[in-house]
Number of protein chains: 2
Amino acid sequence: MKKHLLFTLLFVVLLGITSNAQEALFRAQNIISPEIHPDNSVTFRIHAPNATAVQVTGDFLPSEKMETPMGQMDGPGKASLTKGENGVWEFKSQTLKSEMYGYSFVVDGLSTIDPNNPFLIRDVASVTNIFIIGGGHADLFKTNDIPHGSVTRRWYDSPGLGMDRRITIYTPPGYENSTEKLPVLYLLHGAGGDEEAWIALGRTAQIMDNLIAEGKAKPMIVVMPNGNVIQDGAPGEGSKNFYKPQFMIPKTMDGTYEGAFSDIIKFVESNYRVKADKANRAIAGLSMGGYHTLHISRYYPNTFDYMGLFSAAIMPREDATGKVYSNFDETLKAQMDNGYKLYWIAIGKTDFLYNANKEYLAKLDAMKMTYTYVESEGGHIWRNWRVYLSQFAPQLFN
Amino acid sequence: MKKHLLFTLLFVVLLGITSNAQEALFRAQNIISPEIHPDNSVTFRIHAPNATAVQVTGDFLPSEKMETPMGQMDGPGKASLTKGENGVWEFKSQTLKSEMYGYSFVVDGLSTIDPNNPFLIRDVASVTNIFIIGGGHADLFKTNDIPHGSVTRRWYDSPGLGMDRRITIYTPPGYENSTEKLPVLYLLHGAGGDEEAWIALGRTAQIMDNLIAEGKAKPMIVVMPNGNVIQDGAPGEGSKNFYKPQFMIPKTMDGTYEGAFSDIIKFVESNYRVKADKANRAIAGLSMGGYHTLHISRYYPNTFDYMGLFSAAIMPREDATGKVYSNFDETLKAQMDNGYKLYWIAIGKTDFLYNANKEYLAKLDAMKMTYTYVESEGGHIWRNWRVYLSQFAPQLFN
């Protein structure tokens, strides 16, 4: 036993100089944070003995107004932690509703992650800690003890963009050991996102596994491409390797992506066991991906039976004049005349794209194009897009 | 143009309250860090106007002695940043050799990540920023513009452990569109690691893609299982969802894993297009994974032609008495008598397992069991394991 203990200690101590684990060990950073209590209140802790003020900021707190060059806007809520005798600061939240939340600490004005929570997601260039409160709709975002699909990162040839490009593919449980052909959902990210966004921020694999296990969604393949045509892969995953990700990326909304989307369909339909017909193709996207969905679904005639516009960036664009955007009204009418099963539009009441979406609905009304409209609380946030996916997927391929 | 700019600004501002991006934007956090200069020196920057002392710590700096309960040990090096007028602290390193480096900041005693570098890796419960200096062997760790393999996270049934378990599979470029059967490398992580470790910390996909593109390694499938038998998946990826990862996990070195390893081989050989014979099976692992490699390769007689023990945790263990560990000497001799192509042992000169490995070599010498021994600089660190993989893989399946 003594030898075993020595072995353990040595192992921990010498874990390697690339890690700060051994330092953390001897600084008594053996802290649990966040600690989710049985009543779904949450305690946040950080060891910062030299700090004079520590706050936690995140979307589990009521949002606060913040001053910006654009005027007053909603910002994340903030709460102050209290310092204990041991140099550990603490804050205990109210009882929280079921949700996936993000947060970070602010220590003497410096924004920092929680050093005791290694679960992080990147949104454009920002990294945020996450936690999940179960017992409600956020159980869909958890990995449960049910059959799991596979998630593959692979590369496809895009002749239209002149490069090999990285793509994320979800195949449902049992796909590998079946001969059944499956339908496909093409799921598109927003500006600043990439082929990692729907998996990391959107919890797509967990949502699909759970919906399928509950019999609420049909088994389907979910294809998550990269909509930034100047990238071959996500920041850190493509041939540009590590660089600071940007929100606005050239050529993302000028028709180039929509024009080359056939490369993705062709790749999927020649590499996966799919039903390659309109009745078994769906396309959906958030924000910029909703804009891409709108245009791809009318530009490729009679290709998709299901469209999902999640907080779609439907904006008049003066530079939207190329081949893809010409004949907008005619191709939209052709899409209507060809028929489809579902044209689903969802937006939050406080989304800055709310009026643009309402104008688009008026346009559809005027041409008598049918759609389903869902209005949710909240704004232009991932919290809504996870829910939209969990509402949209069950309506597909029935 | 004006409308477009407004759109852009609105979009950025309203990115969502789950993100702190909009706050960062208006706090002038538009900083590049790390900035790699043409001469491979690196400038680190952080905006911390209220701080009184900021350091950077990482393995790109000469290591420093640190006091621990075990005595003086090597710890990561530290350097002080200098405060500029704008509240941005800076440090410029020496010219650095080609390597993948890890670092973090220490702001008034608080360890924090670089808020301008979203590229992070988790090692057990610690999260560290990374960057790569190219122009040498670390070019193998970069995503280059060459054909890429696929990386899949999927789940296999383990009757021996009574659960479905998550596993990571690398298939080489072209695997999906070929009929050729391929050899398999089983690649095992160390204590505190999981099925994510070799991909994230080990850069396995990049190393294999690059070696294969250069004609230095044969196309092969690389199987990266989870060696913690009480887990069904990595922390954050299994059915326990988010919890603080631990270094020492029960039942990791008691024979349970080795005893159930046949489930993994069976899964791979019935789900992938592989050459299912000894000549086309290799097994290797780091630290605890080296211990697992040693035991699996002799416990399953005549199964593997290639063994790689990377800084293997070869330790006398009083609790190593179960079925797997009985008849150690007899089964090792049987392994020798059955023959194999390569028994490769690598360790760093300052590794705390150096003497244990030398004792094992002496044991092998005494029984006239052949092996290849490689002694490197450095200790028990990922820097060595990435290099060991890049040295081991080219020797396989020739």
# chains A, B, ... in the order shown; residues from 1 in each chain; ligands from 1

$ select_by_dssp --residues "range 192-330 of chain B" --states "strand (DSSP E or B)" --output "count of residues only"
16

$ closest_atom_pairs --of "range 247-339 of chain A" --to "range 133-156 of chain A" --cutoff "12 Å" --atoms "only C-alpha atoms" --output "Markdown table"
| residue | atom | partner | partner_atom | distance |
| --- | --- | --- | --- | --- |
| A:Phe261 | CA | A:Tyr156 | CA | 11.9 |
| A:Ser262 | CA | A:Tyr156 | CA | 12.0 |
| A:Asp263 | CA | A:Tyr156 | CA | 8.4 |
| A:Ile264 | CA | A:Tyr156 | CA | 7.6 |
| A:Ile265 | CA | A:Tyr156 | CA | 10.6 |
| A:Lys266 | CA | A:Tyr156 | CA | 9.8 |
| A:Phe267 | CA | A:Tyr156 | CA | 6.6 |
| A:Val268 | CA | A:Tyr156 | CA | 9.0 |
| A:Glu269 | CA | A:Tyr156 | CA | 11.9 |
| A:Ser270 | CA | A:Tyr156 | CA | 11.0 |
| A:Asn271 | CA | A:Tyr156 | CA | 9.7 |

$ closest_residue --among "A:Trp385, A:Tyr371, A:Phe91, A:Trp198" --to "Ser311 in chain A" --atoms "only C-alpha atoms"
A:Trp385

$ select_by_dssp --residues "range 172-337 of chain B" --states "helix (DSSP H, G or I)" --output "number ranges by chain"
B: 175-177, 197-200, 204-213, 256-259, 261-271, 278-280, 288-299, 328-337

$ write_last_selection --atoms "C-alpha atoms" --output "compact mmCIF listing (two decimals), in the first residue's frame"
# COMPACT_ATOMS: atom_id res chain seq x y z
CA TYR B 175 -10.22 4.40 -46.36
CA GLU B 176 -13.90 5.02 -47.13
CA ASN B 177 -13.47 4.65 -50.88
CA ALA B 197 -6.05 12.23 -25.08
CA TRP B 198 -4.11 10.95 -28.09
CA ILE B 199 -6.15 13.14 -30.48
CA ALA B 200 -6.00 16.36 -28.42
CA THR B 204 -2.37 11.67 -33.58
CA ALA B 205 -4.52 12.59 -36.59
CA GLN B 206 -2.01 15.21 -37.72
CA ILE B 207 1.01 12.96 -37.10
CA MET B 208 -0.53 10.04 -39.00
CA ASP B 209 -1.76 12.21 -41.90
CA ASN B 210 1.68 13.76 -42.26
CA LEU B 211 3.67 10.51 -41.94
CA ILE B 212 1.41 8.78 -44.46
CA ALA B 213 1.57 11.72 -46.91
CA THR B 256 -9.76 -5.39 -15.57
CA TYR B 257 -8.90 -3.39 -18.68
CA GLU B 258 -6.47 -5.93 -20.03
CA GLY B 259 -8.98 -8.71 -19.38
CA PHE B 261 -9.45 -5.77 -24.21
CA SER B 262 -10.68 -8.59 -26.46
CA ASP B 263 -14.00 -6.70 -26.71
CA ILE B 264 -12.15 -3.87 -28.42
CA ILE B 265 -10.28 -6.12 -30.85
CA LYS B 266 -13.50 -7.92 -31.69
CA PHE B 267 -15.32 -4.64 -32.27
CA VAL B 268 -12.60 -3.30 -34.54
CA GLU B 269 -12.21 -6.48 -36.54
CA SER B 270 -15.95 -6.87 -37.12
CA ASN B 271 -16.60 -3.18 -37.91
CA LYS B 278 -0.85 -10.88 -35.81
CA ALA B 279 1.32 -9.39 -38.55
CA ASN B 280 -1.16 -6.54 -38.87
CA MET B 288 -0.20 3.52 -17.78
CA GLY B 289 -0.92 2.69 -21.43
CA GLY B 290 2.59 1.27 -21.69
CA TYR B 291 1.81 -0.93 -18.68
CA HIS B 292 -1.42 -1.99 -20.38
CA THR B 293 0.53 -2.68 -23.60
CA LEU B 294 3.01 -4.88 -21.76
CA HIS B 295 0.28 -6.93 -20.15
CA ILE B 296 -2.20 -7.09 -23.04
CA SER B 297 0.48 -8.16 -25.49
CA ARG B 298 1.54 -11.15 -23.37
CA TYR B 299 -1.94 -11.98 -21.97
CA PHE B 328 3.75 -13.12 -15.80
CA ASP B 329 7.09 -14.78 -16.48
CA GLU B 330 5.60 -17.77 -18.28
CA THR B 331 3.40 -15.69 -20.57
CA LEU B 332 6.22 -13.24 -21.30
CA LYS B 333 8.42 -16.16 -22.30
CA ALA B 334 5.59 -17.55 -24.43
CA GLN B 335 5.33 -14.15 -26.13
CA MET B 336 9.06 -14.30 -26.84
CA ASP B 337 8.91 -17.87 -28.11

$ closest_residue --among "B:Ala191, B:Leu396, B:Ile32, B:Ile132" --to "Gln246 in chain A" --atoms "only C-alpha atoms"
B:Ile32

$ closest_residue --among "A:Leu81, A:Pro219, A:Gly255, A:Asp157" --to "Asp232 in chain A" --atoms "only C-alpha atoms"
A:Asp157

$ residues_around --residues "range 41-51 of chain A" --least-positions-apart "4" --cutoff "8 Å" --atoms "only C-alpha atoms" --output "CSV table (one decimal) with C-alpha atoms, in the first residue's frame"
chain,number,residue,atom,x,y,z
A,29,GLN,CA,-6.9,24.0,-5.6
A,31,ILE,CA,-12.1,22.9,-5.2
A,32,ILE,CA,-15.4,21.8,-6.7
A,33,SER,CA,-16.9,24.4,-9.0
A,34,PRO,CA,-19.6,24.6,-10.1
A,35,GLU,CA,-21.3,22.5,-7.5
A,36,ILE,CA,-24.9,21.8,-8.5
A,37,HIS,CA,-27.1,21.2,-5.4
A,56,VAL,CA,-19.3,35.6,-11.8
A,86,ASN,CA,-9.1,30.2,3.0
A,87,GLY,CA,-8.9,32.6,0.0
A,88,VAL,CA,-11.7,30.8,-1.7
A,89,TRP,CA,-14.4,33.0,-3.1
A,90,GLU,CA,-18.0,31.7,-3.3
A,91,PHE,CA,-21.4,32.6,-4.8
A,92,LYS,CA,-24.5,30.5,-4.5
A,93,SER,CA,-27.1,31.1,-7.2
A,94,GLN,CA,-30.9,30.9,-7.0
A,95,THR,CA,-32.6,27.6,-8.0
A,96,LEU,CA,-32.1,27.4,-11.7
A,107,VAL,CA,-11.2,38.7,-11.0
A,108,ASP,CA,-10.3,42.3,-10.3
A,114,ASP,CA,-13.2,28.7,-13.8
A,115,PRO,CA,-9.9,26.8,-13.2
A,116,ASN,CA,-11.9,24.0,-11.6
B,108,ASP,CA,-1.6,38.6,-9.4
B,109,GLY,CA,-1.2,35.0,-8.4
B,110,LEU,CA,-4.2,33.7,-10.2

$ residues_around --residues "Lys181 in chain A" --least-positions-apart "6" --cutoff "7 Å" --atoms "only C-alpha atoms" --output "list in words"
Arg273, Val274 and Lys275 of chain A

$ write_last_selection --atoms "N, CA and C atoms" --output "mmCIF file, in the first residue's frame"
data_model
loop_
_atom_site.group_PDB
_atom_site.id
_atom_site.type_symbol
_atom_site.label_atom_id
_atom_site.label_comp_id
_atom_site.auth_asym_id
_atom_site.auth_seq_id
_atom_site.Cartn_x
_atom_site.Cartn_y
_atom_site.Cartn_z
ATOM 1 N N ARG A 273 -25.118 5.799 -46.838
ATOM 2 C CA ARG A 273 -26.256 4.992 -47.249
ATOM 3 C C ARG A 273 -27.520 5.816 -47.019
ATOM 4 N N VAL A 274 -27.843 6.658 -47.998
ATOM 5 C CA VAL A 274 -28.936 7.616 -47.814
ATOM 6 C C VAL A 274 -30.021 7.431 -48.865
ATOM 7 N N LYS A 275 -31.209 7.892 -48.510
ATOM 8 C CA LYS A 275 -32.285 8.015 -49.479
ATOM 9 C C LYS A 275 -32.086 9.346 -50.201
#
